[in-house]
Amino acid sequence: ALISLRQLLDHAAEYSYGVPAFNVNNVEQMRAIMMAANDTNSPVIVQASAGARKYAGAPFLRHLILAAVEEWPHIPVVMHQDHGTSPAVCQRSIQLGFSSVMMDGSLRDDGKTPADYDYNVEVTRRTVEMAHACGVSVEGELGVLGSLETGEAGEEDGVGAEGKLTHDQLLTDPEEAADFVKATQVDALAIACGTSHGAYKFSRPPTGDILSIERIKEIHARIPDTHLVMHGSSSVPQDWLAIINEFGGEIPETYGVPVEQIQEGIRHGVRKVNIDTDLRLASTGAIRRHLAQNPSNFDQRKYLQAATDAMYDICKARYEAFGTAGHA
Ligand code: G3H
Ligand code: 13P
Ligand code: NA
Ligand code: ZN
């Protein structure tokens with residue numbers, strides 16, 4: 001059944017677990033996410049970005065998610081719009097039947113210029129007013145997502161700050177977070193703690209100075225009743241990087257957020273954990289390997305099945321690691 005983000009995260013907070021929110025663009029991702037959820041009895045958050053709407057078209061995306069609900073009616077599914085750039089974009093998703101929207105007012109509506117605090121409060125408050133009237137949840141964002149190591153927002157088309165970011169912008173301020181939640185009434189808050197979007201988060205496995213679990217603790221202590229969201233939470237599996245590079249790919253050394261650090265975050269109020277890059281890496285590695293090992297194959301179902309299986313394994317591992325398993 002389709003449920004709202006608020007319904008799911010209230011349950012997650014009560015039972016102290018986290019929920020991976022996987023980005024979805026096509027049927028292979030959708031099936032991998034749902035089969036892993038079904039096999040582990042996990043509730044699901046699937047999210048669609050502006051890039052996903054451009055790639056698949058809004059009606060196909062919408063029906064892709066609705067098809068999942070039809071095929072697995074016993075699994076609770078949140079249909080979430082990722083990184084909305086304006087109240088109008090969120091309104092359109094609400095009309096399409098999304099049960100949750102993100103109003104990312106940390107950036108202006110161009111999706112790349114860091115916005116000031118008052119702008120963020122205003123667009124987020126307006127979105128909440130509209131969404132709550134329809135039973136739809138809202139995720140806001142405070143602080144600008146980017147690497148504490150490089151000061152850069154990371155790779156992503158459409159969303160992400162341009163130019164160098166300051167240390168202050170890169171860590172959400174707990175006092176400001178309390179004020180923001182009070183002023184906007186958001187259901188969930190994405191915070192900046194040193195993660196960034198894409199595969200190039202850290203040039204070495206992260207330690208406390210470049211990924212601030214400490215900051216998550218401080219924010220959670222200040223706003224214990226607000227569900228925290230960690231964007232840029234791909235772990236960048238080293239085994240898939242090696243497979244990609246073994247079979248013709250060229251991806252330089254890079255590290256993501258270790259699963260143990262996400263688990264630590266979940267112990268301190270993180271409830272929604274955004275993952276896109278890990279499924280892209282697994283899928284690409286599986287397809288490269290399959291085609292290299294089966295040079296005469298041209299049935300796309302065979303290599304797409306290999307991609308689905310690889311994504312399934314990642315999803316299953318995250319449902320288990322985040323404590324989502326068993327809560328559907
Ligand atoms: O937050 C961003 C997700 O990784 C979506 O990426 O804009 O390329 O679809 P995308
Ligand atoms: P990753 O690029 O780390 O997978 O993050 C995805 C994300 O935050 C989507 O909103
Ligand atoms: Na989101
Ligand atoms: Zn994001």
# chains A, B, ... in the order shown; residues from 1 in each chain; ligands from 1

$ residues_near_ligand --ligand "ligand 2" --cutoff "6 Å" --atoms "only C-alpha atoms and all ligand atoms" --output "list in words"
Asp82, His197, Gly198, His231, Gly232, Ser233, Ser234, Asn274, Ile275, Asp276, Thr277 and Asp278 of chain A

$ residues_near_ligand --ligand "ligand 3" --cutoff "10 Å" --atoms "only C-alpha atoms and all ligand atoms" --output "count of residues only"
32

$ residues_around --residues "A:Val181" --least-positions-apart "4" --cutoff "9 Å" --atoms "only C-alpha atoms" --output "list in words"
Val121, Gly140, Glu176, Ala177, Gln185, Val186, Asp187, Ala188, Leu189, Ile223 and Thr226 of chain A

$ write_last_selection --atoms "N, CA and C atoms" --output "mmCIF file, in the first residue's frame"
data_model
loop_
_atom_site.group_PDB
_atom_site.id
_atom_site.type_symbol
_atom_site.label_atom_id
_atom_site.label_comp_id
_atom_site.auth_asym_id
_atom_site.auth_seq_id
_atom_site.Cartn_x
_atom_site.Cartn_y
_atom_site.Cartn_z
ATOM 1 N N VAL A 121 13.040 29.129 4.482
ATOM 2 C CA VAL A 121 11.875 29.036 5.373
ATOM 3 C C VAL A 121 10.595 29.308 4.585
ATOM 4 N N GLY A 140 12.427 18.844 4.254
ATOM 5 C CA GLY A 140 13.144 20.085 3.939
ATOM 6 C C GLY A 140 14.639 19.829 4.026
ATOM 7 N N GLU A 176 19.746 26.682 14.434
ATOM 8 C CA GLU A 176 19.011 27.093 13.250
ATOM 9 C C GLU A 176 18.023 25.992 12.834
ATOM 10 N N ALA A 177 18.447 24.728 13.004
ATOM 11 C CA ALA A 177 17.572 23.592 12.671
ATOM 12 C C ALA A 177 16.305 23.624 13.520
ATOM 13 N N GLN A 185 7.342 23.487 10.037
ATOM 14 C CA GLN A 185 6.576 22.275 10.366
ATOM 15 C C GLN A 185 6.880 21.093 9.439
ATOM 16 N N VAL A 186 8.111 21.020 8.928
ATOM 17 C CA VAL A 186 8.468 19.884 8.064
ATOM 18 C C VAL A 186 8.395 18.563 8.825
ATOM 19 N N ASP A 187 8.143 17.491 8.091
ATOM 20 C CA ASP A 187 8.061 16.159 8.693
ATOM 21 C C ASP A 187 9.446 15.539 8.863
ATOM 22 N N ALA A 188 10.346 15.907 7.966
ATOM 23 C CA ALA A 188 11.696 15.343 8.001
ATOM 24 C C ALA A 188 12.665 16.424 7.552
ATOM 25 N N LEU A 189 13.884 16.356 8.080
ATOM 26 C CA LEU A 189 14.875 17.384 7.755
ATOM 27 C C LEU A 189 16.187 16.759 7.272
ATOM 28 N N ILE A 223 16.601 18.601 18.360
ATOM 29 C CA ILE A 223 15.257 18.374 17.792
ATOM 30 C C ILE A 223 14.936 16.864 17.731
ATOM 31 N N THR A 226 12.190 15.361 15.344
ATOM 32 C CA THR A 226 12.235 15.540 13.886
ATOM 33 C C THR A 226 13.029 14.403 13.253
#

$ closest_residue --among "A:Arg301, A:Glu70, A:Gly146, A:Pro87" --to "ligand 4" --atoms "only C-alpha atoms and all ligand atoms"
A:Gly146

$ atom_distance --atom1 "atom CA of A:Ser106" --atom2 "atom CA of A:Asp173"
13.0 Å

$ select_by_dssp --residues "stretch 16-155 of chain A" --states "alpha helix (DSSP H)" --output "JSON, numbers by chain"
{"A": [27, 28, 29, 30, 31, 32, 33, 34, 35, 36, 37, 38, 39, 40, 50, 51, 52, 53, 54, 55, 56, 58, 59, 60, 61, 62, 63, 64, 65, 66, 67, 68, 69, 70, 71, 87, 88, 89, 90, 91, 92, 93, 94, 95, 96, 117, 118, 119, 120, 121, 122, 123, 124, 125, 126, 127, 128, 129, 130, 131, 132]}

$ closest_residue --among "A:Val144, A:Ala328, A:Cys193, A:Ile3" --to "A:Ile75" --atoms "only C-alpha atoms"
A:Ala328
